[in-house]
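To keep things clear, I will list the structure first and then write my remarks on it.
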Amino acid sequence: METIYEFKVSEIGTLAPALLEEGVFIIFEERSFISFLAFGFIHEKAELKKEVKVGDVLEVNGEQFPITHIGEWVNHNLKETGHTTFELSWAVEENFGNQVICEGKAYPKIKIGDTVRILH
């Protein structure tokens, strides 16, 4: 599979690990959405090489999560601000425009320096 988006985690918001345990994985590019950084995993600017589509795969530390839904704003927001929310299907309460829904039981623990990829 081809890597279409990749970054290393550079910082972790204080509330991000608790959300991750609830099946919600929020990412923010450094210096974007300053007031929300406590909720997310922060990364340096990354290039979106191709649009994310249903059937692509989120990879976190080598663990793969098939993507089953892409909100209408996901590709724009990843390209412009490095922000989106990945949710495991069992955690979804509502569909939002900036949400990527994935299949899986639980995300692995994520620490600074870990690699996250979207594969096409």
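Labeling convention for the structure tokens: chains A, B, ... as they appear, residues from 1 per chain, ligands from 1 in order of appearance.
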**Message:** Can you tell me which residues surround A:Tyr107 at a distance of at most 7 Å, considering only C-alpha atoms, apart from same-chain residues fewer than 2 positions away, and format the answer as a PyMOL selection string?
**Reply:** chain A and resi 20+23+109
**Message:** List as number ranges by chain the protein and nucleic acid residues near A:Phe65, meaning an atom at most 7 Å away when only C-alpha atoms are counted, but skip any in the same chain fewer than 5 places from it.
**Reply:** A: 57-59, 102-104
Residues just named, written with N, CA and C atoms as a PDB file, in the first residue's frame:
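So the final result, stored in part00.pdb, reads:
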ATOM      1  N   VAL A  57      -6.519   2.879   4.772  1.00  0.00           N
ATOM      2  CA  VAL A  57      -6.230   2.299   6.083  1.00  0.00           C
ATOM      3  C   VAL A  57      -5.479   3.314   6.948  1.00  0.00           C
ATOM      4  N   LEU A  58      -5.940   3.491   8.174  1.00  0.00           N
ATOM      5  CA  LEU A  58      -5.198   4.248   9.173  1.00  0.00           C
ATOM      6  C   LEU A  58      -4.234   3.268   9.833  1.00  0.00           C
ATOM      7  N   GLU A  59      -2.961   3.649   9.916  1.00  0.00           N
ATOM      8  CA  GLU A  59      -1.963   2.808  10.563  1.00  0.00           C
ATOM      9  C   GLU A  59      -1.338   3.577  11.730  1.00  0.00           C
ATOM     10  N   CYS A 102     -13.289   4.347  11.471  1.00  0.00           N
ATOM     11  CA  CYS A 102     -12.446   3.178  11.225  1.00  0.00           C
ATOM     12  C   CYS A 102     -13.005   1.960  11.946  1.00  0.00           C
ATOM     13  N   GLU A 103     -12.652   0.790  11.443  1.00  0.00           N
ATOM     14  CA  GLU A 103     -12.995  -0.463  12.112  1.00  0.00           C
ATOM     15  C   GLU A 103     -11.844  -0.858  13.021  1.00  0.00           C
ATOM     16  N   GLY A 104     -12.167  -1.403  14.166  1.00  0.00           N
ATOM     17  CA  GLY A 104     -11.142  -1.879  15.084  1.00  0.00           C
ATOM     18  C   GLY A 104     -11.682  -1.923  16.503  1.00  0.00           C
TER      19      GLY A 104
END
**Item:** Coordinates-based distance that separates atom CA of A:Arg31 from atom CA of A:Pro108 (Å, one decimal)
**Value:**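 Separation of atom CA of A:Pro108 and atom CA of A:Arg31: 25.3 Å.
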**Request:** Check the smallest atom-to-atom distance from each of A:Gly40, A:Gly97, A:Gly82, A:Gly55 to A:Glu11 using only C-alpha atoms, then report the winner.
**Result:**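 Answer, going by the shortest atom-to-atom distance: A:Gly40.
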**Request:** Give the answer as one residue: which of A:Asn75, A:Thr3, A:Thr81, A:Thr115 has the shortest atom-to-atom distance to A:Val100, using only C-alpha atoms?
**Result:** A:Asn75
**Request:** Find the residues near A:Met1: any atom within 10 Å, counting only C-alpha atoms, skip ones fewer than 6 places away on the same chain, and give them as a PyMOL selection string.
**Result:** chain A and resi 56-57+118-120
**Request:** Please report, as a ChimeraX atom specification, each residue of stretch 20-116 of chain A to which DSSP assigns alpha helix (DSSP H) when run on this structure's backbone.
**Result:** /A:20-21,74-81
Kindly save the residues from that selection, with C-alpha atoms included, as a compact mmCIF listing (two decimals), in the first residue's frame.
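Wrote it out as selection_26.txt, contents follow:
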# COMPACT_ATOMS: atom_id res chain seq x y z
CA LEU A 20 -8.13 7.50 22.74
CA GLU A 21 -9.37 4.90 25.25
CA VAL A 74 -11.65 15.60 6.07
CA ASN A 75 -9.43 16.01 3.01
CA HIS A 76 -9.63 19.81 3.04
CA ASN A 77 -8.82 20.01 6.75
CA LEU A 78 -5.94 17.53 6.61
CA LYS A 79 -4.41 19.47 3.72
CA GLU A 80 -4.91 22.93 5.22
CA THR A 81 -4.60 22.43 9.00
**Request:** List every residue of chain A that DSSP, applied to the backbone of this structure, places in strand (DSSP E), and write the result as a PyMOL selection string.
**Result:** chain A and resi 3-12+24-29+41-43+57-60+63-70+84-88+99-102+115-119
**Asked** Between A:Glu22, A:Asp114, A:Glu44, A:Glu51, which one has atoms that come closest to A:Glu93, using only C-alpha atoms?
**Response**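 Going through A:Glu22, A:Asp114, A:Glu44, A:Glu51 one by one, the smallest distance to A:Glu93 is for A:Glu22.
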**Request:** Might you pull out every residue within 12 Å of A:Leu19, with only C-alpha atoms counted and same-chain residues fewer than 4 positions away left off, and present them as a VMD selection string?
**Result:** chain A and resid 12 to 15 23 to 27 38 to 41 85 to 88 91 106 to 107 109 to 110
Kindly export the residues of the current selection with C-alpha atoms, as a PDB file, in the first residue's frame.
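Writing the result to out_16.pdb gives the following:
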ATOM      1  CA  ILE A  12       0.181  14.951  23.416  1.00  0.00           C
ATOM      2  CA  GLY A  13      -2.670  17.026  24.825  1.00  0.00           C
ATOM      3  CA  THR A  14      -3.640  16.368  28.438  1.00  0.00           C
ATOM      4  CA  LEU A  15      -7.073  14.949  27.522  1.00  0.00           C
ATOM      5  CA  GLY A  23     -12.152   5.176  20.547  1.00  0.00           C
ATOM      6  CA  VAL A  24     -11.575   8.819  19.573  1.00  0.00           C
ATOM      7  CA  PHE A  25      -8.202   9.852  18.075  1.00  0.00           C
ATOM      8  CA  ILE A  26      -7.926  13.576  17.324  1.00  0.00           C
ATOM      9  CA  ILE A  27      -4.951  15.060  15.491  1.00  0.00           C
ATOM     10  CA  ALA A  38      -5.499  19.576  24.965  1.00  0.00           C
ATOM     11  CA  PHE A  39      -7.831  17.148  23.166  1.00  0.00           C
ATOM     12  CA  GLY A  40      -5.392  15.930  20.539  1.00  0.00           C
ATOM     13  CA  PHE A  41      -2.164  14.414  19.391  1.00  0.00           C
ATOM     14  CA  THR A  85     -10.895  13.081  14.144  1.00  0.00           C
ATOM     15  CA  PHE A  86     -10.567   9.318  13.715  1.00  0.00           C
ATOM     16  CA  GLU A  87     -13.269   7.342  15.507  1.00  0.00           C
ATOM     17  CA  LEU A  88     -13.663   3.611  15.867  1.00  0.00           C
ATOM     18  CA  ALA A  91     -17.552   4.858  19.493  1.00  0.00           C
ATOM     19  CA  ALA A 106      -9.003  -0.249  20.318  1.00  0.00           C
ATOM     20  CA  TYR A 107      -6.216   2.103  19.322  1.00  0.00           C
ATOM     21  CA  LYS A 109      -1.243   3.631  23.271  1.00  0.00           C
ATOM     22  CA  ILE A 110       0.450   6.507  21.455  1.00  0.00           C
TER      23      ILE A 110
END
**Request:** Write out as a PyMOL selection string each polymer residue whose atoms come within 8 Å of A:Lys45, counting only C-alpha atoms; drop sequence neighbours fewer than 5 positions from it.
**Result:** chain A and resi 7+29-30+82
**Atomic separation - atom CA of A:Ile67 relative to atom CA of A:Lys111, Å** =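 Distance between the two atoms: 22.3 Å.
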**Residue nearest A:Lys49 among A:Thr84, A:Ile101, A:Ala16, A:Glu6 (counting only C-alpha atoms)** = A:Glu6
**Message:** So the first atom is atom CA of A:Ala18 and the second is atom CA of A:Val60; what is the distance between them in Å, to one decimal place?
**Reply:** 16.7 Å
